[in-house]
Amino acid sequence: MKNYFRTLILLIGGLALSYITVGQTPTDGLMMPKGDICFLVNFEYGQFDHYWEGETLRKNGTIAKVQRRTALVMSAYGITKRLDAYVGLPFISTNSTNPNGGRFAGTKGIQDLTLGLKYEAFRHKGEKGELTAFGSVTFSTPVSNYLSDYQPYSLGIGAPQLAWRGLVEYEWNNGFYLRGNGGYIWKGYTEAEREYYYNDGSYYTSWMDVPSAWTYEAVIGKWFMNKSLRVELNYNSSKSTSGDDIRAYNAPQPTNKVDMERVGAFAQYFFKKPKGLGLVASYSKVINGRNAPEMSSISAGITYQFGLFHPKN
C-alpha cells in the first residue's frame with residue numbers, strides 16, 4: 001500500500017502535497033457554471049528548520065533552514081452544471097540557507113502534471129441552509145526527470161498518484177458554513193539513482209515503493225460582503241498506510257511513513273469589476289508529524305473566470 005501527499009507541498013519523506021490533489025483549492029465547496037473556465041496563478045513560499053525523525057522532533061543541523069517556492073498554474077472548466085475538470089502544473093525551486101559547502105544547494109524545475117474531475121452528487125436547500133456533497137478523482141504524474149530521492153530538496157516523489165476524495169458542506173443562510181472531506185491517495189513506485197536501499201530490510205533495486213495514505217480535512221468558514229469574500233479556518237491530516245522511519249544520521253527517502261497534522265487559514269475575494277477577477281491567499285503550519293517537516297507556508301494568487309464559448313457581460 002502506498003502514501004498520500006497534499007498541495008500543499010512538503011519536502012521530507014518523499015511527500016509532496018499537490019495544491020490541487022490534497023490541498024485547499026479555490027473551488028472547494030463551489031462548482032463552476034457550465035461552459036465557464038477559471039485560471040489560477042498562485043505563488044507559495046514554505047520553510048522549515050525542524051523535522052520529525054520518526055516521532056522525535058529534531059533541528060536541521062547542517063542544512064539550516066530549508067526553503068521551498070512554488071509557482072502553480074491551474075485551470076478549471078465546467079463541463080456540465082454538476083461536473084468540473086481540472087488541470088494544474090507547478091514549477092518548484094528548493095534550497096537551504098546554509099548549503100553545506102554546495103553539496104546540498106537545492107534544485108528547481110517542473111514537478112507533476114495533475115488532472116482531475118469533480119462531481120456534485122447531492123444538493124438540498126432547506127429552511128435554514130443548504131447541504132451539498134461532492135466527489136472527486138485526480139491523477140498526477142511527473143513531467144520532468146527530477147531526482148525524487150534528493151531529500152529534503154526533491155521537487156516531488158517522482159511517482160504516479162491517484163486520489164479519491166469525498167466532500168460534504170453545510171451552509172447556513174447567514175453565510176457560516178462547515179465542510180469536511182476525506183480521501184485516499186494511492187502512490188506508485190519511484191526510481192532512485194542507486195541500486196540498493198534499506199527499508200526495514202535490504203532492497204537490491206533502484207525502485208522504491210512509495211506509501212499511500214488517508215487524508216482528512218475539517219473547515220469552518222463564512223461569507224461576507226454579499227458573497228464577495230469568504231474566510232476559512234482549516235485543519236487537515238495525512239496518515240500513511242505503511243513505510244519506514246528516517247534512520248539516525250540518514251536523509252529521508254520516498255519509502256518513509258509520513259504522517260502530519262496542519263492548521264491554516266484561507267481567504268478568497270471576488271471583485272465586482274472587472275467581473276470574473278479574484279484573489280486567493282492562505283497560510284498553513286504543520287503542528288505535529290512523523291518523518292515530516294515542521295513546515296510553515298504562505299501563498300497568494302489571482303484567479304480569472306469567464307464564459308469560454310458564451311462570454312458574459
# chains A, B, ... in the order shown; residues from 1 in each chain; ligands from 1

call {"tool": "residues_around", "arguments": {"residues": "Gly106 (chain A)", "least_positions_apart": "5", "cutoff": "10 Å", "atoms": "only C-alpha atoms", "output": "list in words"}}
result
Val66, Gln67, Arg68, Ser93, Thr94, Asn95, Ser96, Pro99, Tyr150, Gln151, Pro152, Tyr153, Ser154 and Leu155 of chain A

call {"tool": "residues_around", "arguments": {"residues": "Leu115 (chain A)", "least_positions_apart": "4", "cutoff": "12 Å", "atoms": "only C-alpha atoms", "output": "list of chain:residue names"}}
result
A:Ser18, A:Tyr19, A:Ile20, A:Thr21, A:Met74, A:Ser75, A:Ala76, A:Tyr77, A:Asp84, A:Ala85, A:Tyr86, A:Val87, A:Gly88, A:Leu89, A:Ser136, A:Val137, A:Thr138, A:Phe139, A:Ser140, A:Thr141, A:Pro142, A:Pro160, A:Gln161, A:Leu162, A:Ala163

call {"tool": "write_last_selection", "arguments": {"atoms": "N, CA, C and O atoms", "output": "compact mmCIF listing (two decimals), in the first residue's frame"}}
result
# COMPACT_ATOMS: atom_id res chain seq x y z
N SER A 18 0.33 18.23 -3.48
CA SER A 18 -0.14 18.96 -4.61
C SER A 18 -1.24 19.91 -4.22
O SER A 18 -2.14 19.56 -3.50
N TYR A 19 -1.15 21.12 -4.73
CA TYR A 19 -2.14 22.13 -4.35
C TYR A 19 -3.54 21.67 -4.76
O TYR A 19 -4.53 21.94 -4.10
N ILE A 20 -3.61 20.98 -5.89
CA ILE A 20 -4.91 20.50 -6.34
C ILE A 20 -5.31 19.22 -5.62
O ILE A 20 -6.42 19.09 -5.11
N THR A 21 -4.39 18.28 -5.56
CA THR A 21 -4.74 16.95 -5.07
C THR A 21 -5.09 16.95 -3.60
O THR A 21 -6.08 16.37 -3.19
N MET A 74 -3.07 26.74 -12.80
CA MET A 74 -4.16 25.78 -12.72
C MET A 74 -5.35 26.30 -13.51
O MET A 74 -5.58 27.51 -13.59
N SER A 75 -6.14 25.39 -14.07
CA SER A 75 -7.36 25.77 -14.78
C SER A 75 -8.48 24.82 -14.41
O SER A 75 -8.26 23.62 -14.23
N ALA A 76 -9.70 25.37 -14.28
CA ALA A 76 -10.90 24.57 -14.01
C ALA A 76 -11.95 24.92 -15.06
O ALA A 76 -12.10 26.08 -15.45
N TYR A 77 -12.70 23.90 -15.50
CA TYR A 77 -13.71 24.11 -16.55
C TYR A 77 -15.00 23.39 -16.17
O TYR A 77 -14.98 22.24 -15.72
N ASP A 84 -17.03 19.22 -13.08
CA ASP A 84 -15.91 20.11 -13.40
C ASP A 84 -14.67 19.30 -13.72
O ASP A 84 -14.49 18.18 -13.22
N ALA A 85 -13.79 19.88 -14.54
CA ALA A 85 -12.49 19.28 -14.86
C ALA A 85 -11.38 20.24 -14.45
O ALA A 85 -11.55 21.47 -14.51
N TYR A 86 -10.24 19.69 -14.03
CA TYR A 86 -9.13 20.49 -13.55
C TYR A 86 -7.83 20.03 -14.20
O TYR A 86 -7.64 18.85 -14.51
N VAL A 87 -6.90 20.97 -14.36
CA VAL A 87 -5.55 20.65 -14.78
C VAL A 87 -4.62 21.65 -14.09
O VAL A 87 -4.94 22.83 -13.94
N GLY A 88 -3.47 21.17 -13.63
CA GLY A 88 -2.53 22.05 -12.96
C GLY A 88 -1.11 21.60 -13.16
O GLY A 88 -0.83 20.40 -13.34
N LEU A 89 -0.17 22.56 -13.14
CA LEU A 89 1.24 22.25 -13.34
C LEU A 89 2.07 23.23 -12.51
O LEU A 89 2.00 24.44 -12.73
N SER A 136 -14.54 13.60 -5.93
CA SER A 136 -13.52 13.98 -6.90
C SER A 136 -12.50 12.87 -7.07
O SER A 136 -12.28 12.05 -6.18
N VAL A 137 -11.87 12.85 -8.23
CA VAL A 137 -10.78 11.94 -8.51
C VAL A 137 -9.70 12.73 -9.25
O VAL A 137 -10.02 13.54 -10.13
N THR A 138 -8.44 12.55 -8.86
CA THR A 138 -7.34 13.25 -9.52
C THR A 138 -6.21 12.27 -9.80
O THR A 138 -5.99 11.31 -9.06
N PHE A 139 -5.50 12.55 -10.87
CA PHE A 139 -4.33 11.75 -11.24
C PHE A 139 -3.18 12.70 -11.52
O PHE A 139 -3.35 13.74 -12.15
N SER A 140 -2.00 12.35 -11.01
CA SER A 140 -0.82 13.17 -11.29
C SER A 140 0.36 12.28 -11.64
O SER A 140 0.45 11.13 -11.19
N THR A 141 1.26 12.83 -12.45
CA THR A 141 2.44 12.09 -12.89
C THR A 141 3.56 13.07 -13.17
O THR A 141 3.31 14.20 -13.62
N PRO A 142 4.81 12.70 -12.89
CA PRO A 142 5.93 13.60 -13.17
C PRO A 142 6.04 13.92 -14.66
O PRO A 142 5.81 13.07 -15.51
N PRO A 160 3.60 8.12 -9.99
CA PRO A 160 2.20 8.42 -10.31
C PRO A 160 1.35 8.37 -9.04
O PRO A 160 1.64 7.61 -8.12
N GLN A 161 0.29 9.18 -9.00
CA GLN A 161 -0.61 9.23 -7.86
C GLN A 161 -2.05 9.26 -8.35
O GLN A 161 -2.37 9.93 -9.33
N LEU A 162 -2.91 8.54 -7.64
CA LEU A 162 -4.33 8.52 -7.96
C LEU A 162 -5.09 8.76 -6.65
O LEU A 162 -4.91 8.01 -5.69
N ALA A 163 -5.92 9.81 -6.62
CA ALA A 163 -6.57 10.22 -5.37
C ALA A 163 -8.07 10.24 -5.53
O ALA A 163 -8.60 10.73 -6.54

call {"tool": "residues_around", "arguments": {"residues": "region 210-223 of chain A", "least_positions_apart": "2", "cutoff": "6 Å", "atoms": "only C-alpha atoms", "output": "short mmCIF file (atom, residue, chain, number, x, y, z; two decimals) with N, CA, C and O atoms, in the first residue's frame"}}
result
data_model
loop_
_atom_site.label_atom_id
_atom_site.label_comp_id
_atom_site.auth_asym_id
_atom_site.auth_seq_id
_atom_site.Cartn_x
_atom_site.Cartn_y
_atom_site.Cartn_z
N MET A 1 0.86 -1.18 0.00
CA MET A 1 0.00 0.00 0.00
C MET A 1 0.90 1.23 0.00
O MET A 1 1.97 1.23 0.54
N LYS A 2 0.36 2.28 -0.53
CA LYS A 2 1.19 3.45 -0.70
C LYS A 2 0.68 4.67 0.07
O LYS A 2 -0.30 4.60 0.72
N ASN A 3 1.35 5.88 -0.04
CA ASN A 3 1.07 7.01 0.84
C ASN A 3 0.45 8.23 0.19
O ASN A 3 0.39 8.28 -0.99
N TYR A 4 -0.07 9.18 0.98
CA TYR A 4 -0.69 10.40 0.48
C TYR A 4 0.28 11.54 0.41
O TYR A 4 1.07 11.73 1.27
N GLY A 175 -24.49 32.79 6.13
CA GLY A 175 -23.18 32.78 5.50
C GLY A 175 -22.15 31.88 6.15
O GLY A 175 -21.09 31.62 5.55
N PHE A 176 -22.41 31.40 7.37
CA PHE A 176 -21.49 30.46 8.01
C PHE A 176 -21.60 29.09 7.32
O PHE A 176 -22.68 28.70 6.87
N TYR A 177 -20.51 28.36 7.28
CA TYR A 177 -20.56 27.01 6.73
C TYR A 177 -19.52 26.11 7.39
O TYR A 177 -18.49 26.58 7.91
N LEU A 178 -19.81 24.83 7.36
CA LEU A 178 -18.89 23.79 7.80
C LEU A 178 -18.66 22.84 6.64
O LEU A 178 -19.58 22.53 5.88
N ARG A 179 -17.41 22.39 6.50
CA ARG A 179 -17.09 21.47 5.42
C ARG A 179 -16.14 20.40 5.93
O ARG A 179 -15.23 20.68 6.72
N GLY A 180 -16.35 19.20 5.50
CA GLY A 180 -15.45 18.11 5.85
C GLY A 180 -15.18 17.24 4.65
O GLY A 180 -16.05 17.09 3.78
N ASN A 181 -13.99 16.70 4.56
CA ASN A 181 -13.71 15.78 3.47
C ASN A 181 -12.71 14.72 3.90
O ASN A 181 -11.94 14.90 4.86
N GLY A 182 -12.75 13.60 3.24
CA GLY A 182 -11.82 12.51 3.47
C GLY A 182 -11.43 11.89 2.15
O GLY A 182 -12.22 11.91 1.19
N GLY A 183 -10.23 11.36 2.08
CA GLY A 183 -9.79 10.80 0.82
C GLY A 183 -8.70 9.76 0.99
O GLY A 183 -8.17 9.56 2.09
N TYR A 184 -8.38 9.13 -0.11
CA TYR A 184 -7.32 8.12 -0.14
C TYR A 184 -6.43 8.41 -1.34
O TYR A 184 -6.92 8.66 -2.45
N ILE A 185 -5.12 8.43 -1.12
CA ILE A 185 -4.16 8.68 -2.19
C ILE A 185 -3.31 7.43 -2.40
O ILE A 185 -2.57 7.02 -1.51
N TRP A 186 -3.45 6.84 -3.58
CA TRP A 186 -2.57 5.74 -3.97
C TRP A 186 -1.36 6.31 -4.68
O TRP A 186 -1.47 7.21 -5.51
N LYS A 187 -0.17 5.78 -4.32
CA LYS A 187 1.05 6.22 -4.99
C LYS A 187 1.81 5.01 -5.49
O LYS A 187 1.85 3.96 -4.86
N TYR A 189 5.44 3.58 -7.76
CA TYR A 189 6.87 3.40 -7.50
C TYR A 189 7.66 4.56 -8.08
O TYR A 189 7.28 5.15 -9.10
N LYS A 227 -21.39 37.81 -0.39
CA LYS A 227 -20.70 36.70 -1.04
C LYS A 227 -19.58 37.15 -1.98
O LYS A 227 -19.26 36.47 -2.97
N LEU A 229 -16.57 37.85 -0.40
CA LEU A 229 -15.40 37.43 0.36
C LEU A 229 -15.76 36.24 1.23
O LEU A 229 -16.80 36.22 1.89
N ARG A 230 -14.90 35.23 1.20
CA ARG A 230 -15.05 34.12 2.13
C ARG A 230 -13.74 33.90 2.87
O ARG A 230 -12.65 34.02 2.31
N VAL A 231 -13.86 33.58 4.16
CA VAL A 231 -12.71 33.37 5.03
C VAL A 231 -12.89 32.03 5.74
O VAL A 231 -13.98 31.73 6.22
N GLU A 232 -11.80 31.23 5.82
CA GLU A 232 -11.89 29.89 6.41
C GLU A 232 -10.75 29.64 7.37
O GLU A 232 -9.64 30.15 7.20
N LEU A 233 -11.02 28.80 8.36
CA LEU A 233 -10.01 28.18 9.20
C LEU A 233 -10.08 26.68 8.95
O LEU A 233 -11.18 26.12 8.86
N ASN A 234 -8.93 26.02 8.82
CA ASN A 234 -8.96 24.62 8.45
C ASN A 234 -7.96 23.79 9.25
O ASN A 234 -6.95 24.30 9.75
N TYR A 235 -8.28 22.53 9.36
CA TYR A 235 -7.39 21.52 9.94
C TYR A 235 -7.38 20.33 9.00
O TYR A 235 -8.43 19.89 8.53
N ASN A 236 -6.20 19.81 8.68
CA ASN A 236 -6.15 18.62 7.86
C ASN A 236 -5.00 17.72 8.30
O ASN A 236 -4.04 18.16 8.94
N SER A 237 -5.13 16.46 7.98
CA SER A 237 -4.14 15.48 8.37
C SER A 237 -3.94 14.46 7.26
O SER A 237 -4.81 14.26 6.41
N SER A 238 -2.78 13.82 7.29
CA SER A 238 -2.43 12.77 6.36
C SER A 238 -1.82 11.62 7.15
O SER A 238 -0.92 11.84 7.97
N LYS A 239 -2.30 10.41 6.93
CA LYS A 239 -1.83 9.23 7.65
C LYS A 239 -1.39 8.17 6.66
O LYS A 239 -2.22 7.61 5.93
N SER A 240 -0.10 7.86 6.62
CA SER A 240 0.41 6.86 5.70
C SER A 240 -0.06 5.46 6.09
O SER A 240 -0.24 5.16 7.27
N THR A 241 -0.22 4.62 5.11
CA THR A 241 -0.67 3.25 5.36
C THR A 241 0.48 2.29 5.62
O THR A 241 0.26 1.16 6.05
N SER A 242 1.70 2.71 5.35
CA SER A 242 2.88 1.85 5.55
C SER A 242 4.11 2.73 5.55
O SER A 242 4.01 3.96 5.56
N GLY A 243 5.29 2.12 5.50
CA GLY A 243 6.53 2.88 5.39
C GLY A 243 7.44 2.71 6.59
O GLY A 243 7.05 2.19 7.64
N PRO A 254 11.84 8.32 -0.14
CA PRO A 254 10.44 8.17 -0.53
C PRO A 254 9.69 7.03 0.14
O PRO A 254 8.46 7.00 0.12
N THR A 255 10.38 6.05 0.74
CA THR A 255 9.70 4.93 1.40
C THR A 255 9.24 5.26 2.81
O THR A 255 8.57 4.44 3.44
#

call {"tool": "select_by_dssp", "arguments": {"residues": "region 201-309 of chain A", "states": "strand (DSSP E or B)", "output": "PyMOL selection string"}}
result
chain A and resi 202-203+207-209+212-224+229-240+244+256+259-270+277-290+293+296-307

call {"tool": "residues_around", "arguments": {"residues": "Ser206 (chain A)", "least_positions_apart": "2", "cutoff": "10 Å", "atoms": "only C-alpha atoms", "output": "PyMOL selection string"}}
result
chain A and resi 189-197+203-204+208

call {"tool": "closest_residue", "arguments": {"among": "A:Ala105, A:Ala292, A:Ala267, A:Val280", "to": "Leu40 (chain A)", "atoms": "only C-alpha atoms"}}
result
A:Val280

call {"tool": "decode", "arguments": {"residues": "region 68-82 of chain A", "atoms": "N, CA and C atoms", "output": "PDB file, in the first residue's frame"}}
result
ATOM      1  N   ARG A  68      11.302  26.482   0.202  1.00  0.00           N
ATOM      2  CA  ARG A  68      10.634  25.904  -0.973  1.00  0.00           C
ATOM      3  C   ARG A  68       9.711  26.951  -1.576  1.00  0.00           C
ATOM      4  N   ARG A  69       9.819  27.171  -2.874  1.00  0.00           N
ATOM      5  CA  ARG A  69       8.983  28.139  -3.596  1.00  0.00           C
ATOM      6  C   ARG A  69       8.260  27.411  -4.717  1.00  0.00           C
ATOM      7  N   THR A  70       6.968  27.684  -4.832  1.00  0.00           N
ATOM      8  CA  THR A  70       6.142  27.015  -5.829  1.00  0.00           C
ATOM      9  C   THR A  70       5.338  28.035  -6.619  1.00  0.00           C
ATOM     10  N   ALA A  71       5.417  27.958  -7.937  1.00  0.00           N
ATOM     11  CA  ALA A  71       4.573  28.746  -8.830  1.00  0.00           C
ATOM     12  C   ALA A  71       3.643  27.767  -9.547  1.00  0.00           C
ATOM     13  N   LEU A  72       2.339  27.923  -9.322  1.00  0.00           N
ATOM     14  CA  LEU A  72       1.358  26.980  -9.874  1.00  0.00           C
ATOM     15  C   LEU A  72       0.453  27.677 -10.880  1.00  0.00           C
ATOM     16  N   VAL A  73       0.254  27.030 -12.017  1.00  0.00           N
ATOM     17  CA  VAL A  73      -0.759  27.442 -12.986  1.00  0.00           C
ATOM     18  C   VAL A  73      -1.814  26.354 -13.018  1.00  0.00           C
ATOM     19  N   MET A  74      -3.069  26.742 -12.799  1.00  0.00           N
ATOM     20  CA  MET A  74      -4.161  25.775 -12.723  1.00  0.00           C
ATOM     21  C   MET A  74      -5.355  26.301 -13.507  1.00  0.00           C
ATOM     22  N   SER A  75      -6.139  25.388 -14.074  1.00  0.00           N
ATOM     23  CA  SER A  75      -7.355  25.771 -14.785  1.00  0.00           C
ATOM     24  C   SER A  75      -8.481  24.819 -14.414  1.00  0.00           C
ATOM     25  N   ALA A  76      -9.698  25.370 -14.283  1.00  0.00           N
ATOM     26  CA  ALA A  76     -10.897  24.572 -14.011  1.00  0.00           C
ATOM     27  C   ALA A  76     -11.951  24.918 -15.061  1.00  0.00           C
ATOM     28  N   TYR A  77     -12.695  23.901 -15.504  1.00  0.00           N
ATOM     29  CA  TYR A  77     -13.714  24.109 -16.545  1.00  0.00           C
ATOM     30  C   TYR A  77     -15.000  23.393 -16.169  1.00  0.00           C
ATOM     31  N   GLY A  78     -16.132  24.081 -16.330  1.00  0.00           N
ATOM     32  CA  GLY A  78     -17.436  23.497 -16.056  1.00  0.00           C
ATOM     33  C   GLY A  78     -17.957  22.718 -17.252  1.00  0.00           C
ATOM     34  N   ILE A  79     -17.814  21.395 -17.205  1.00  0.00           N
ATOM     35  CA  ILE A  79     -18.284  20.555 -18.318  1.00  0.00           C
ATOM     36  C   ILE A  79     -19.811  20.541 -18.351  1.00  0.00           C
ATOM     37  N   THR A  80     -20.421  20.335 -17.175  1.00  0.00           N
ATOM     38  CA  THR A  80     -21.869  20.456 -17.004  1.00  0.00           C
ATOM     39  C   THR A  80     -22.112  21.224 -15.712  1.00  0.00           C
ATOM     40  N   LYS A  81     -23.384  21.365 -15.327  1.00  0.00           N
ATOM     41  CA  LYS A  81     -23.696  22.043 -14.068  1.00  0.00           C
ATOM     42  C   LYS A  81     -23.153  21.275 -12.876  1.00  0.00           C
ATOM     43  N   ARG A  82     -22.922  19.979 -13.027  1.00  0.00           N
ATOM     44  CA  ARG A  82     -22.518  19.148 -11.890  1.00  0.00           C
ATOM     45  C   ARG A  82     -21.166  18.474 -12.063  1.00  0.00           C
TER      46      ARG A  82
END
